[in-house]
Amino acid sequence: MKLGFYIILAAQFTSALADNALLFAAIALLKDLNSPAWHTPVLQEAFIFSYIVLAPFVGAFADSLPKGRVMFVSNNIKILGCVAMLFGVNPLIAYGLVGLGAAAYSPAKYGILTEYLPPDKLVLANSWMEGLTVAAIVLGAVVGGVLISPKIGGAMLLWWDVPFFNTGIDTAAELAIAIIVIVYGLAALFNLYIPRVALDHKPLSHSPAFLLSEFWHNQKLLWKDPLGQVSLGVTTLFWGTGATLRLIVLGWAAVALHYDMAHAAMLTAWVAVGIAIGSILAARFVKLEHSVKVLPIGIAMGLVVLIMIPVTNSTLAIWLLIAIGAMGGYFVVPMNALLQHRGHLLMGAGSSIAVQNFNENLSIFAML
């Protein structure tokens, strides 16, 4: 792999790390504000709302500019959302602004892989991307859980204070968000060094009416393509159930294992460990042309989720979560690679990822 690929990975890792740590920091901020319980699921819906509403436009945006520049702008929008939280803007609104940045970031993040690498490297590249994303999820959950914990976060507040200057950072949640801003800044720095590649499938027009029409045309193209419809349908259901499961695990851990918020957040990291394992195995054993052969693994994964219901032992819960993650990683990485390959051939990398994001996040929105 070329050096540019590893810069892309570094940019993705740091941005994903901040994304996942921010979720737990934002939930903790809601608790500090004594917000109603229903605000927690709405928080995630506010994040994904932009993925759905802006899907017709972010794909064209990603295809009309160098992907590194798109990622740089997107990370700065995320920073703006974090700063808004620190300045007292309603967390639901501010987190929605972060979601806007994430919605613009995603088509560029995956789209650059199909432009920068040959098709025979896509499964391997996706395994690296998913593996590092999962590592960021693991570390993000751990970092988020640690920073919001009263013991560690409270201790860090002592050295954060500057003599004779009021930083406005008074709680562990606010400190966590401030640190996350720095991580987003590091990701934006990496974005500046992402190699530029020739633009393909540049939009013929930037008028909203044309982009909407083109988006729905692309939707029909992918859903009518035999391989496209399988991979798109599978990833849509996978990420919808996955996002829902993450919130369910937080509540389940409190009831079944008697965990507090910080420990429950760290528990979700074990799923990510499993996904990393599954991603590595998929890169080793699954070729792009054989991607559909992993479908039975998805069925098995659903059965293991059902086994979790009566579990009250934390060790057994961890092993089952790792198993669920491993099957998920082995299952979704080839599906993602297949979908990106078909989308790149049919309409362009950014536009195909925007279609994928629309369907996946509509699924998440409905299931939450």
# chains A, B, ... in the order shown; residues from 1 in each chain; ligands from 1
call {"tool": "residues_around", "arguments": {"residues": "Ala125 of chain A", "least_positions_apart": "3", "cutoff": "10 Å", "atoms": "only C-alpha atoms", "output": "compact mmCIF listing (two decimals) with N, CA and C atoms, in the first residue's frame"}}
result
# COMPACT_ATOMS: atom_id res chain seq x y z
N MET A 1 0.84 -1.20 0.00
CA MET A 1 0.00 0.00 0.00
C MET A 1 0.88 1.26 0.00
N PHE A 5 -2.29 5.99 1.60
CA PHE A 5 -3.32 5.15 2.20
C PHE A 5 -3.23 5.20 3.72
N LEU A 9 -5.85 6.44 6.64
CA LEU A 9 -6.19 5.66 7.83
C LEU A 9 -5.99 6.47 9.11
N TYR A 110 -14.90 6.98 2.52
CA TYR A 110 -14.93 5.71 1.80
C TYR A 110 -14.71 5.90 0.30
N LEU A 113 -11.17 5.62 -1.19
CA LEU A 113 -10.57 4.28 -1.32
C LEU A 113 -10.74 3.75 -2.74
N THR A 114 -11.95 3.93 -3.30
CA THR A 114 -12.20 3.41 -4.65
C THR A 114 -11.47 4.22 -5.71
N LEU A 117 -7.32 3.31 -4.90
CA LEU A 117 -6.84 1.93 -4.94
C LEU A 117 -7.53 1.13 -6.04
N PRO A 118 -6.88 0.09 -6.56
CA PRO A 118 -7.51 -0.79 -7.56
C PRO A 118 -8.56 -1.68 -6.89
N PRO A 119 -9.52 -2.22 -7.67
CA PRO A 119 -10.60 -3.04 -7.10
C PRO A 119 -10.12 -4.23 -6.28
N ASP A 120 -9.00 -4.86 -6.71
CA ASP A 120 -8.54 -6.05 -6.00
C ASP A 120 -7.97 -5.74 -4.61
N LYS A 121 -7.82 -4.46 -4.29
CA LYS A 121 -7.31 -4.06 -2.97
C LYS A 121 -8.43 -3.58 -2.04
N LEU A 122 -9.68 -3.57 -2.55
CA LEU A 122 -10.76 -2.94 -1.78
C LEU A 122 -11.13 -3.70 -0.51
N TRP A 128 -8.75 -2.80 6.69
CA TRP A 128 -7.92 -1.84 7.42
C TRP A 128 -8.77 -0.69 7.95
N MET A 129 -9.64 -0.16 7.08
CA MET A 129 -10.48 0.97 7.46
C MET A 129 -11.42 0.59 8.60
N GLU A 130 -12.10 -0.57 8.45
CA GLU A 130 -13.02 -1.00 9.50
C GLU A 130 -12.27 -1.38 10.77
N GLY A 131 -11.11 -2.03 10.60
CA GLY A 131 -10.32 -2.42 11.76
C GLY A 131 -9.88 -1.23 12.58
N ALA A 283 -10.38 -9.97 5.54
CA ALA A 283 -9.31 -9.57 4.61
C ALA A 283 -8.47 -10.76 4.19
N VAL A 333 -17.58 -6.29 6.30
CA VAL A 333 -16.45 -5.77 5.51
C VAL A 333 -16.56 -6.18 4.04
N ALA A 337 -17.23 -3.58 0.84
CA ALA A 337 -16.33 -3.54 -0.32
C ALA A 337 -17.10 -3.77 -1.61
call {"tool": "residues_around", "arguments": {"residues": "Leu29 of chain A", "least_positions_apart": "3", "cutoff": "9 Å", "atoms": "only C-alpha atoms", "output": "PyMOL selection string"}}
result
chain A and resi 24-26+32-35+85+91+148+171-174
call {"tool": "closest_residue", "arguments": {"among": "A:Ala28, A:Leu306, A:Ile299, A:Ile79", "to": "Leu175 of chain A", "atoms": "only C-alpha atoms"}}
result
A:Ala28
call {"tool": "atom_distance", "arguments": {"atom1": "atom CA of Val138 of chain A", "atom2": "atom CA of Trp270 of chain A"}}
result
7.1 Å
call {"tool": "residues_around", "arguments": {"residues": "Asn313 of chain A", "least_positions_apart": "3", "cutoff": "10 Å", "atoms": "only C-alpha atoms", "output": "list in words"}}
result
Ala256, Leu257, Pro310, Leu316, Ala317 and Ile318 of chain A
call {"tool": "write_last_selection", "arguments": {"atoms": "N, CA and C atoms", "output": "compact mmCIF listing (two decimals), in the first residue's frame"}}
result
# COMPACT_ATOMS: atom_id res chain seq x y z
N ALA A 256 -28.79 -5.92 33.97
CA ALA A 256 -28.31 -7.29 34.12
C ALA A 256 -26.98 -7.39 34.88
N LEU A 257 -26.10 -6.40 34.68
CA LEU A 257 -24.77 -6.46 35.28
C LEU A 257 -24.55 -5.41 36.36
N PRO A 310 -30.61 -13.67 28.64
CA PRO A 310 -30.63 -14.09 30.06
C PRO A 310 -29.29 -13.95 30.79
N LEU A 316 -19.00 -13.86 30.75
CA LEU A 316 -19.72 -14.48 29.64
C LEU A 316 -20.25 -13.41 28.69
N ALA A 317 -20.72 -12.30 29.24
CA ALA A 317 -21.23 -11.21 28.41
C ALA A 317 -20.14 -10.66 27.50
N ILE A 318 -18.94 -10.50 28.04
CA ILE A 318 -17.82 -9.98 27.24
C ILE A 318 -17.49 -10.92 26.09
call {"tool": "residues_around", "arguments": {"residues": "Leu54 of chain A", "least_positions_apart": "4", "cutoff": "9 Å", "atoms": "only C-alpha atoms", "output": "list in words"}}
result
Phe49, Ser50, Val58, Gly59, Leu100, Ala103, Ala104, Ala354 and Phe358 of chain A
call {"tool": "select_by_dssp", "arguments": {"residues": "segment 83-315 of chain A", "states": "helix (DSSP H, G or I)", "output": "number ranges by chain"}}
result
A: 83-86, 91-116, 119-148, 150-160, 172-191, 208-224, 226-256, 261-267, 269-285, 288-307, 314-315
call {"tool": "closest_residue", "arguments": {"among": "A:Leu147, A:Val292, A:Ile275, A:Leu338", "to": "Gly325 of chain A", "atoms": "only C-alpha atoms"}}
result
A:Ile275
call {"tool": "decode", "arguments": {"residues": "segment 25-145 of chain A", "atoms": "C-alpha atoms", "output": "PDB file, in the first residue's frame"}}
result
ATOM      1  CA  ALA A  25     -19.486  12.917  26.589  1.00  0.00           C
ATOM      2  CA  ALA A  26     -22.710  14.318  25.110  1.00  0.00           C
ATOM      3  CA  ILE A  27     -24.823  11.774  27.037  1.00  0.00           C
ATOM      4  CA  ALA A  28     -22.985  12.749  30.237  1.00  0.00           C
ATOM      5  CA  LEU A  29     -23.614  16.430  29.453  1.00  0.00           C
ATOM      6  CA  LEU A  30     -27.342  15.697  29.155  1.00  0.00           C
ATOM      7  CA  LYS A  31     -27.241  14.049  32.588  1.00  0.00           C
ATOM      8  CA  ASP A  32     -25.425  17.066  34.050  1.00  0.00           C
ATOM      9  CA  LEU A  33     -28.200  19.276  32.667  1.00  0.00           C
ATOM     10  CA  ASN A  34     -30.881  16.969  34.172  1.00  0.00           C
ATOM     11  CA  SER A  35     -32.371  16.453  30.722  1.00  0.00           C
ATOM     12  CA  PRO A  36     -35.318  14.039  30.319  1.00  0.00           C
ATOM     13  CA  ALA A  37     -34.410  10.381  29.674  1.00  0.00           C
ATOM     14  CA  TRP A  38     -35.882  10.513  26.166  1.00  0.00           C
ATOM     15  CA  HIS A  39     -33.180  13.007  25.142  1.00  0.00           C
ATOM     16  CA  THR A  40     -30.570  10.194  25.013  1.00  0.00           C
ATOM     17  CA  PRO A  41     -31.989   8.303  21.981  1.00  0.00           C
ATOM     18  CA  VAL A  42     -32.987  11.627  20.383  1.00  0.00           C
ATOM     19  CA  LEU A  43     -29.337  12.705  20.712  1.00  0.00           C
ATOM     20  CA  GLN A  44     -28.284   9.971  18.298  1.00  0.00           C
ATOM     21  CA  GLU A  45     -31.236  10.715  16.029  1.00  0.00           C
ATOM     22  CA  ALA A  46     -30.109  14.354  15.882  1.00  0.00           C
ATOM     23  CA  PHE A  47     -26.691  13.120  14.757  1.00  0.00           C
ATOM     24  CA  ILE A  48     -27.980  10.900  11.945  1.00  0.00           C
ATOM     25  CA  PHE A  49     -30.689  13.334  10.787  1.00  0.00           C
ATOM     26  CA  SER A  50     -28.142  15.135   8.595  1.00  0.00           C
ATOM     27  CA  TYR A  51     -27.140  11.840   6.944  1.00  0.00           C
ATOM     28  CA  ILE A  52     -30.718  11.406   5.763  1.00  0.00           C
ATOM     29  CA  VAL A  53     -31.665  14.971   4.822  1.00  0.00           C
ATOM     30  CA  LEU A  54     -28.351  15.929   3.195  1.00  0.00           C
ATOM     31  CA  ALA A  55     -27.718  12.625   1.403  1.00  0.00           C
ATOM     32  CA  PRO A  56     -28.620  14.015  -2.062  1.00  0.00           C
ATOM     33  CA  PHE A  57     -26.091  16.827  -1.643  1.00  0.00           C
ATOM     34  CA  VAL A  58     -23.105  15.470   0.320  1.00  0.00           C
ATOM     35  CA  GLY A  59     -22.335  12.840  -2.317  1.00  0.00           C
ATOM     36  CA  ALA A  60     -22.118  15.495  -5.017  1.00  0.00           C
ATOM     37  CA  PHE A  61     -20.045  17.667  -2.665  1.00  0.00           C
ATOM     38  CA  ALA A  62     -17.607  14.783  -2.090  1.00  0.00           C
ATOM     39  CA  ASP A  63     -17.323  14.067  -5.826  1.00  0.00           C
ATOM     40  CA  SER A  64     -16.819  17.713  -6.839  1.00  0.00           C
ATOM     41  CA  LEU A  65     -13.756  18.435  -4.662  1.00  0.00           C
ATOM     42  CA  PRO A  66     -10.590  16.568  -3.646  1.00  0.00           C
ATOM     43  CA  LYS A  67     -11.627  14.125  -0.911  1.00  0.00           C
ATOM     44  CA  GLY A  68      -8.977  15.377   1.527  1.00  0.00           C
ATOM     45  CA  ARG A  69     -10.375  18.905   1.332  1.00  0.00           C
ATOM     46  CA  VAL A  70     -13.916  17.613   1.903  1.00  0.00           C
ATOM     47  CA  MET A  71     -12.731  15.723   4.997  1.00  0.00           C
ATOM     48  CA  PHE A  72     -10.906  18.825   6.277  1.00  0.00           C
ATOM     49  CA  VAL A  73     -14.015  21.004   5.975  1.00  0.00           C
ATOM     50  CA  SER A  74     -16.144  18.278   7.578  1.00  0.00           C
ATOM     51  CA  ASN A  75     -13.879  17.921  10.614  1.00  0.00           C
ATOM     52  CA  ASN A  76     -13.998  21.670  11.146  1.00  0.00           C
ATOM     53  CA  ILE A  77     -17.804  21.524  11.159  1.00  0.00           C
ATOM     54  CA  LYS A  78     -17.548  18.855  13.879  1.00  0.00           C
ATOM     55  CA  ILE A  79     -15.265  21.162  15.873  1.00  0.00           C
ATOM     56  CA  LEU A  80     -17.852  23.939  15.526  1.00  0.00           C
ATOM     57  CA  GLY A  81     -20.528  21.613  16.937  1.00  0.00           C
ATOM     58  CA  CYS A  82     -18.354  20.730  19.943  1.00  0.00           C
ATOM     59  CA  VAL A  83     -17.586  24.390  20.628  1.00  0.00           C
ATOM     60  CA  ALA A  84     -21.318  25.124  20.452  1.00  0.00           C
ATOM     61  CA  MET A  85     -21.899  22.562  23.237  1.00  0.00           C
ATOM     62  CA  LEU A  86     -19.253  24.246  25.388  1.00  0.00           C
ATOM     63  CA  PHE A  87     -20.913  27.636  24.872  1.00  0.00           C
ATOM     64  CA  GLY A  88     -24.249  26.387  26.147  1.00  0.00           C
ATOM     65  CA  VAL A  89     -26.100  25.579  22.924  1.00  0.00           C
ATOM     66  CA  ASN A  90     -28.666  22.814  23.451  1.00  0.00           C
ATOM     67  CA  PRO A  91     -26.705  19.510  23.167  1.00  0.00           C
ATOM     68  CA  LEU A  92     -29.283  18.073  20.751  1.00  0.00           C
ATOM     69  CA  ILE A  93     -28.781  20.985  18.347  1.00  0.00           C
ATOM     70  CA  ALA A  94     -25.000  21.109  18.766  1.00  0.00           C
ATOM     71  CA  TYR A  95     -24.665  17.339  18.333  1.00  0.00           C
ATOM     72  CA  GLY A  96     -26.809  17.629  15.213  1.00  0.00           C
ATOM     73  CA  LEU A  97     -24.233  20.094  13.855  1.00  0.00           C
ATOM     74  CA  VAL A  98     -21.519  17.495  14.501  1.00  0.00           C
ATOM     75  CA  GLY A  99     -23.721  15.054  12.581  1.00  0.00           C
ATOM     76  CA  LEU A 100     -23.768  17.482   9.654  1.00  0.00           C
ATOM     77  CA  GLY A 101     -19.966  17.322   9.541  1.00  0.00           C
ATOM     78  CA  ALA A 102     -20.038  13.543   9.807  1.00  0.00           C
ATOM     79  CA  ALA A 103     -22.578  13.303   6.968  1.00  0.00           C
ATOM     80  CA  ALA A 104     -20.283  15.299   4.678  1.00  0.00           C
ATOM     81  CA  TYR A 105     -17.206  13.363   5.858  1.00  0.00           C
ATOM     82  CA  SER A 106     -18.433   9.822   5.198  1.00  0.00           C
ATOM     83  CA  PRO A 107     -18.734   9.849   1.365  1.00  0.00           C
ATOM     84  CA  ALA A 108     -15.219  11.270   1.131  1.00  0.00           C
ATOM     85  CA  LYS A 109     -13.798   8.807   3.671  1.00  0.00           C
ATOM     86  CA  TYR A 110     -14.930   5.714   1.797  1.00  0.00           C
ATOM     87  CA  GLY A 111     -15.059   7.266  -1.656  1.00  0.00           C
ATOM     88  CA  ILE A 112     -11.339   8.002  -1.715  1.00  0.00           C
ATOM     89  CA  LEU A 113     -10.572   4.283  -1.322  1.00  0.00           C
ATOM     90  CA  THR A 114     -12.200   3.414  -4.645  1.00  0.00           C
ATOM     91  CA  GLU A 115     -10.455   6.328  -6.374  1.00  0.00           C
ATOM     92  CA  TYR A 116      -7.028   5.752  -4.838  1.00  0.00           C
ATOM     93  CA  LEU A 117      -6.840   1.931  -4.937  1.00  0.00           C
ATOM     94  CA  PRO A 118      -7.509  -0.786  -7.556  1.00  0.00           C
ATOM     95  CA  PRO A 119     -10.604  -3.036  -7.098  1.00  0.00           C
ATOM     96  CA  ASP A 120      -8.541  -6.051  -5.999  1.00  0.00           C
ATOM     97  CA  LYS A 121      -7.311  -4.059  -2.967  1.00  0.00           C
ATOM     98  CA  LEU A 122     -10.762  -2.942  -1.783  1.00  0.00           C
ATOM     99  CA  VAL A 123     -11.530  -5.793   0.641  1.00  0.00           C
ATOM    100  CA  LEU A 124      -8.068  -5.415   2.189  1.00  0.00           C
ATOM    101  CA  ALA A 125      -8.439  -1.621   2.328  1.00  0.00           C
ATOM    102  CA  ASN A 126     -11.897  -1.933   3.886  1.00  0.00           C
ATOM    103  CA  SER A 127     -10.599  -4.373   6.468  1.00  0.00           C
ATOM    104  CA  TRP A 128      -7.915  -1.838   7.416  1.00  0.00           C
ATOM    105  CA  MET A 129     -10.478   0.973   7.460  1.00  0.00           C
ATOM    106  CA  GLU A 130     -13.021  -1.000   9.498  1.00  0.00           C
ATOM    107  CA  GLY A 131     -10.318  -2.425  11.756  1.00  0.00           C
ATOM    108  CA  LEU A 132      -8.946   1.009  12.620  1.00  0.00           C
ATOM    109  CA  THR A 133     -12.450   2.447  12.884  1.00  0.00           C
ATOM    110  CA  VAL A 134     -13.252  -0.315  15.338  1.00  0.00           C
ATOM    111  CA  ALA A 135     -10.034   0.389  17.230  1.00  0.00           C
ATOM    112  CA  ALA A 136     -11.197   3.998  17.402  1.00  0.00           C
ATOM    113  CA  ILE A 137     -14.592   2.826  18.689  1.00  0.00           C
ATOM    114  CA  VAL A 138     -12.866   0.751  21.369  1.00  0.00           C
ATOM    115  CA  LEU A 139     -10.546   3.565  22.389  1.00  0.00           C
ATOM    116  CA  GLY A 140     -13.303   6.158  21.996  1.00  0.00           C
ATOM    117  CA  ALA A 141     -15.617   4.235  24.332  1.00  0.00           C
ATOM    118  CA  VAL A 142     -12.808   3.772  26.847  1.00  0.00           C
ATOM    119  CA  VAL A 143     -11.607   7.384  26.599  1.00  0.00           C
ATOM    120  CA  GLY A 144     -15.162   8.698  26.741  1.00  0.00           C
ATOM    121  CA  GLY A 145     -15.965   6.509  29.742  1.00  0.00           C
TER     122      GLY A 145
END
